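Visitor: Structure in structure tokens, see below.
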Amino acid sequence: MSARTPSGPSGTAVARHGWLQALGTVLAGLFAMGAVAALGLWAAGAADLPDNAFPRVVAAAVVTSVGGALELSGDAGGFAATDAGLTVLPLSVTLTGALVVAQGFLRPLRHRAVAGAAELSGWAGRIAVLWLLALLGLAFAARQTFEVSFGEGLLDDLGDLFGVTPGVGFTTDVPLTVLFGLLWLAGVLLLALLVSHGAPLPGRLLRRQASVRPAAYAMAVLLLACVGVGAVVGLVVAATRDHPADTFAALLLGLPNLAWLALTVGMGATWDGRVEGPFGLPMPHVLDEVLRTPQASALNLGTLTERDGRWWWLLVAAAALLLTAGVVLASRSPARMPAWLHAVHMAVALALTVLVIGLLGRISAHYGLSVLGIGDLADGLSGELFLRPRLWSAVGLALLWGLVTGFLGALLVRWAGQRGGRGGARS
């Protein structure tokens, strides 16, 4: 590989990135995440929460989007008991923050061919210090308690008799939030270096970029393409169906959750889940129908098409997107790489991607309330929602899909005469 002379700042100057640049990166990421979370929660009606709780709920959404841990608690006095839990990542907020922070991290490093490990770690360290301070601020801001109504009937009478005013609230587990938030940042910065075609790498890693960067870039294209397709479908639904605010809330908070779930289902994966009580999945409505059963249900192509045969299009969409990713991988890889090696790279990358989707896309929520032992699991006073993948079967399917689409993608690139030598020509 021929080294390029930097056309921008010198290596020494770039190594001395100022704290103001790092601060700009962190603030831009937080502002983008907060804006998306606020719009999504506003569309969901959270702006009407009592006690001016909206800003604290937005802070909680940002905290959870980077892996932060919220602790739900209940207080109903000595005669009552509450139990609640929530595990979900609003991946629209997560993805927005990742894209903005990655762009801010890479921008000062442009026009470079090689960067030392000390230089990269120093620049990342400045961002990490400021990100840590921001996480601490958000963690202490994301605290709120709400009163819960008994409704009407026996429980309401018991509540009045014993002076019980149940409440449920949330606080942030600060140590876990800091730990997972820093791990999230490290993952974003590492992926930014792997995915970006022009980002500089330490000299010792240049020889390995041909096998890693094309696959990482192809997976990024795949995931973003899924989100793009999901956004188009969501906008069509919002324009043609009732309650568009609910649709926009789902898009602004959980579009990648739905889009990447659809990708895995189109590949043949199965998710187990159940919906009970006031909880629900806002879109598409068929998910709620499949999962609202007395026992856990399987969510896959079979159960979806039982209700509407058009869901078989998920298989077609997944095949088209994966083949496109295979073509992208081959077009950015060295020209002399054999097709079987393209297939192996695609299989490994897709398996890791599906593994991450399965870990990040899990949903779990429950709430229960009882007074003197009455009311537990009663309608309107309790609910449960969970959705989790059959992870290892999904990863196995990803390996098979990756081998096939990686091989076909390499053959298509060669047939079209598109020799993708760029992946090995520059870092």
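Every chain in the structure tokens takes a letter, A first, then B, and so on in the order presented; its residues are numbered from 1, and the ligands are numbered from 1 following the presented order.
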Within 9 Å of Phe105 (chain A), counting only C-alpha atoms, which residues qualify if same-chain residues fewer than 2 places away don't, as a list of chain:residue names?
Guide: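 These residues fall inside the cut-off: A:Ala22, A:Thr25, A:Val100, A:Val101, A:Ala102, A:Gln103, A:Arg107, A:Pro108, A:Leu109, A:Trp123, A:Ala124, A:Ile127, A:Leu189, A:Ala192.
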Visitor: Taking N, CA and C atoms for each residue, export the selection above as a PDB file, in the first residue's frame.
Guide:
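As written to disk, selection38.pdb reads:
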ATOM      1  N   ALA A  22     -13.769  17.717  21.314  1.00  0.00           N
ATOM      2  CA  ALA A  22     -14.375  16.567  21.981  1.00  0.00           C
ATOM      3  C   ALA A  22     -15.709  16.945  22.617  1.00  0.00           C
ATOM      4  N   THR A  25     -18.386  17.080  20.014  1.00  0.00           N
ATOM      5  CA  THR A  25     -18.842  15.739  19.627  1.00  0.00           C
ATOM      6  C   THR A  25     -19.840  15.189  20.634  1.00  0.00           C
ATOM      7  N   VAL A 100     -24.097  10.223  15.093  1.00  0.00           N
ATOM      8  CA  VAL A 100     -23.581  11.573  15.332  1.00  0.00           C
ATOM      9  C   VAL A 100     -22.227  11.523  16.039  1.00  0.00           C
ATOM     10  N   VAL A 101     -22.094  10.691  17.056  1.00  0.00           N
ATOM     11  CA  VAL A 101     -20.827  10.586  17.780  1.00  0.00           C
ATOM     12  C   VAL A 101     -19.731  10.033  16.876  1.00  0.00           C
ATOM     13  N   ALA A 102     -20.052   9.034  16.059  1.00  0.00           N
ATOM     14  CA  ALA A 102     -19.060   8.471  15.149  1.00  0.00           C
ATOM     15  C   ALA A 102     -18.572   9.508  14.147  1.00  0.00           C
ATOM     16  N   GLN A 103     -19.492  10.303  13.626  1.00  0.00           N
ATOM     17  CA  GLN A 103     -19.105  11.353  12.687  1.00  0.00           C
ATOM     18  C   GLN A 103     -18.201  12.385  13.349  1.00  0.00           C
ATOM     19  N   ARG A 107     -14.310  12.999  12.089  1.00  0.00           N
ATOM     20  CA  ARG A 107     -14.105  14.222  11.313  1.00  0.00           C
ATOM     21  C   ARG A 107     -12.698  14.806  11.445  1.00  0.00           C
ATOM     22  N   PRO A 108     -12.125  14.939  12.641  1.00  0.00           N
ATOM     23  CA  PRO A 108     -10.775  15.500  12.718  1.00  0.00           C
ATOM     24  C   PRO A 108      -9.687  14.575  12.175  1.00  0.00           C
ATOM     25  N   LEU A 109     -10.035  13.307  11.910  1.00  0.00           N
ATOM     26  CA  LEU A 109      -9.043  12.349  11.443  1.00  0.00           C
ATOM     27  C   LEU A 109      -9.060  12.183   9.927  1.00  0.00           C
ATOM     28  N   TRP A 123      -7.378  10.826  21.497  1.00  0.00           N
ATOM     29  CA  TRP A 123      -8.575  11.514  21.011  1.00  0.00           C
ATOM     30  C   TRP A 123      -9.829  10.856  21.570  1.00  0.00           C
ATOM     31  N   ALA A 124      -9.859   9.513  21.562  1.00  0.00           N
ATOM     32  CA  ALA A 124     -11.010   8.805  22.127  1.00  0.00           C
ATOM     33  C   ALA A 124     -11.118   9.043  23.627  1.00  0.00           C
ATOM     34  N   ILE A 127     -12.934  12.293  24.472  1.00  0.00           N
ATOM     35  CA  ILE A 127     -14.378  12.119  24.299  1.00  0.00           C
ATOM     36  C   ILE A 127     -14.957  11.300  25.451  1.00  0.00           C
ATOM     37  N   LEU A 189     -17.045   3.954  18.769  1.00  0.00           N
ATOM     38  CA  LEU A 189     -15.785   4.453  18.213  1.00  0.00           C
ATOM     39  C   LEU A 189     -15.037   3.365  17.455  1.00  0.00           C
ATOM     40  N   ALA A 192     -16.813   2.767  14.207  1.00  0.00           N
ATOM     41  CA  ALA A 192     -16.579   3.888  13.296  1.00  0.00           C
ATOM     42  C   ALA A 192     -15.264   3.694  12.548  1.00  0.00           C
TER      43      ALA A 192
END
Visitor: Any idea what's packed within 9 Å of region 54-57 of chain A, counting only C-alpha atoms, ignoring anything in its chain fewer than 5 positions away? Could you give it as a VMD selection string?
Guide: chain A and resid 38 41 to 42 46 to 49 62 138 141 to 144
Visitor: Would you save the residues of that selection, restricted to N, CA, C and O atoms, as an mmCIF file, in the first residue's frame?
Guide:
data_model
loop_
_atom_site.group_PDB
_atom_site.id
_atom_site.type_symbol
_atom_site.label_atom_id
_atom_site.label_comp_id
_atom_site.auth_asym_id
_atom_site.auth_seq_id
_atom_site.Cartn_x
_atom_site.Cartn_y
_atom_site.Cartn_z
ATOM 1 N N ALA A 38 -37.260 13.027 22.790
ATOM 2 C CA ALA A 38 -38.324 13.961 23.169
ATOM 3 C C ALA A 38 -39.468 13.942 22.157
ATOM 4 O O ALA A 38 -40.642 13.934 22.546
ATOM 5 N N LEU A 41 -41.383 10.586 22.598
ATOM 6 C CA LEU A 41 -42.190 10.566 23.818
ATOM 7 C C LEU A 41 -43.342 11.561 23.743
ATOM 8 O O LEU A 41 -44.438 11.304 24.262
ATOM 9 N N TRP A 42 -43.092 12.712 23.100
ATOM 10 C CA TRP A 42 -44.184 13.680 22.911
ATOM 11 C C TRP A 42 -45.296 13.079 22.058
ATOM 12 O O TRP A 42 -46.478 13.226 22.366
ATOM 13 N N ALA A 46 -46.307 11.558 26.380
ATOM 14 C CA ALA A 46 -45.599 11.718 27.652
ATOM 15 C C ALA A 46 -45.501 13.164 28.087
ATOM 16 O O ALA A 46 -45.202 13.442 29.254
ATOM 17 N N ALA A 47 -45.736 14.105 27.180
ATOM 18 C CA ALA A 47 -45.690 15.516 27.566
ATOM 19 C C ALA A 47 -46.778 15.874 28.575
ATOM 20 O O ALA A 47 -46.685 16.895 29.262
ATOM 21 N N ASP A 48 -47.813 15.050 28.688
ATOM 22 C CA ASP A 48 -48.909 15.306 29.624
ATOM 23 C C ASP A 48 -48.689 14.680 30.994
ATOM 24 O O ASP A 48 -49.593 14.725 31.843
ATOM 25 N N LEU A 49 -47.535 14.079 31.232
ATOM 26 C CA LEU A 49 -47.267 13.470 32.529
ATOM 27 C C LEU A 49 -47.265 14.534 33.622
ATOM 28 O O LEU A 49 -46.858 15.681 33.398
ATOM 29 N N VAL A 62 -32.774 8.496 27.094
ATOM 30 C CA VAL A 62 -31.400 8.598 26.604
ATOM 31 C C VAL A 62 -30.493 7.651 27.367
ATOM 32 O O VAL A 62 -29.631 6.979 26.781
ATOM 33 N N LEU A 138 -26.958 12.778 33.374
ATOM 34 C CA LEU A 138 -28.212 12.156 32.959
ATOM 35 C C LEU A 138 -28.706 11.148 33.986
ATOM 36 O O LEU A 138 -29.909 11.042 34.244
ATOM 37 N N ALA A 141 -30.377 12.847 36.754
ATOM 38 C CA ALA A 141 -31.589 13.556 36.325
ATOM 39 C C ALA A 141 -32.749 12.612 36.066
ATOM 40 O O ALA A 141 -33.915 13.019 36.153
ATOM 41 N N ALA A 142 -32.472 11.361 35.737
ATOM 42 C CA ALA A 142 -33.514 10.405 35.347
ATOM 43 C C ALA A 142 -34.105 9.734 36.577
ATOM 44 O O ALA A 142 -33.857 8.558 36.865
ATOM 45 N N ARG A 143 -34.914 10.487 37.337
ATOM 46 C CA ARG A 143 -35.570 9.972 38.544
ATOM 47 C C ARG A 143 -36.967 10.584 38.633
ATOM 48 O O ARG A 143 -37.130 11.792 38.495
ATOM 49 N N GLN A 144 -37.969 9.731 38.882
ATOM 50 C CA GLN A 144 -39.339 10.242 38.929
ATOM 51 C C GLN A 144 -40.232 9.201 39.595
ATOM 52 O O GLN A 144 -39.968 7.998 39.514
#
Visitor: Name the closest residue to Gly34 (chain A) among the candidates A:Gly125, A:Leu252, A:Ala231, A:Gly302; distances are taken between atoms, counting only C-alpha atoms.
Guide: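 Selected residue with least distance to Gly34 (chain A): A:Leu252.
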Visitor: Could you find all residues in region 232-280 of chain A that DSSP calls strand (DSSP E) from the backbone, and write them as a list in words?
Guide: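 Restricting region 232-280 of chain A to strand (DSSP E) produces Trp271, Asp272, Gly273, Arg274, Val275 and Glu276 of chain A.
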Visitor: Would you export the selected residues with C-alpha atoms as an mmCIF file, in the first residue's frame, please?
Guide:
data_model
loop_
_atom_site.group_PDB
_atom_site.id
_atom_site.type_symbol
_atom_site.label_atom_id
_atom_site.label_comp_id
_atom_site.auth_asym_id
_atom_site.auth_seq_id
_atom_site.Cartn_x
_atom_site.Cartn_y
_atom_site.Cartn_z
ATOM 1 C CA TRP A 271 -38.839 -15.011 18.636
ATOM 2 C CA ASP A 272 -40.782 -16.108 21.723
ATOM 3 C CA GLY A 273 -43.020 -13.608 23.432
ATOM 4 C CA ARG A 274 -46.235 -12.757 25.215
ATOM 5 C CA VAL A 275 -48.405 -9.673 25.675
ATOM 6 C CA GLU A 276 -50.792 -9.352 28.602
#
Visitor: Set the distance at 8 Å and use only C-alpha atoms: which residues neighbour Arg110 (chain A) once local chain neighbours fewer than 3 positions away are removed? I'd like the list as a PyMOL selection string.
Guide: chain A and resi 8+106-107+198-200
Visitor: Could you save those same residues with N, CA, C and O atoms as a compact mmCIF listing (two decimals), in the first residue's frame?
Guide:
# COMPACT_ATOMS: atom_id res chain seq x y z
N GLY A 8 -4.49 17.48 4.97
CA GLY A 8 -5.06 18.34 6.00
C GLY A 8 -4.04 18.58 7.09
O GLY A 8 -2.86 18.74 6.85
N LEU A 106 -14.68 10.87 13.81
CA LEU A 106 -13.89 10.67 12.60
C LEU A 106 -13.53 11.97 11.90
O LEU A 106 -12.52 12.02 11.18
N ARG A 107 -14.31 13.00 12.09
CA ARG A 107 -14.11 14.22 11.31
C ARG A 107 -12.70 14.81 11.45
O ARG A 107 -12.07 15.13 10.43
N GLY A 198 -12.24 5.64 4.89
CA GLY A 198 -11.07 6.50 4.89
C GLY A 198 -10.50 6.78 6.26
O GLY A 198 -9.58 7.59 6.37
N ALA A 199 -11.02 6.14 7.32
CA ALA A 199 -10.50 6.40 8.66
C ALA A 199 -9.10 5.81 8.80
O ALA A 199 -8.84 4.70 8.36
N PRO A 200 -8.18 6.54 9.43
CA PRO A 200 -6.82 6.02 9.59
C PRO A 200 -6.75 4.93 10.63
O PRO A 200 -7.52 4.91 11.59
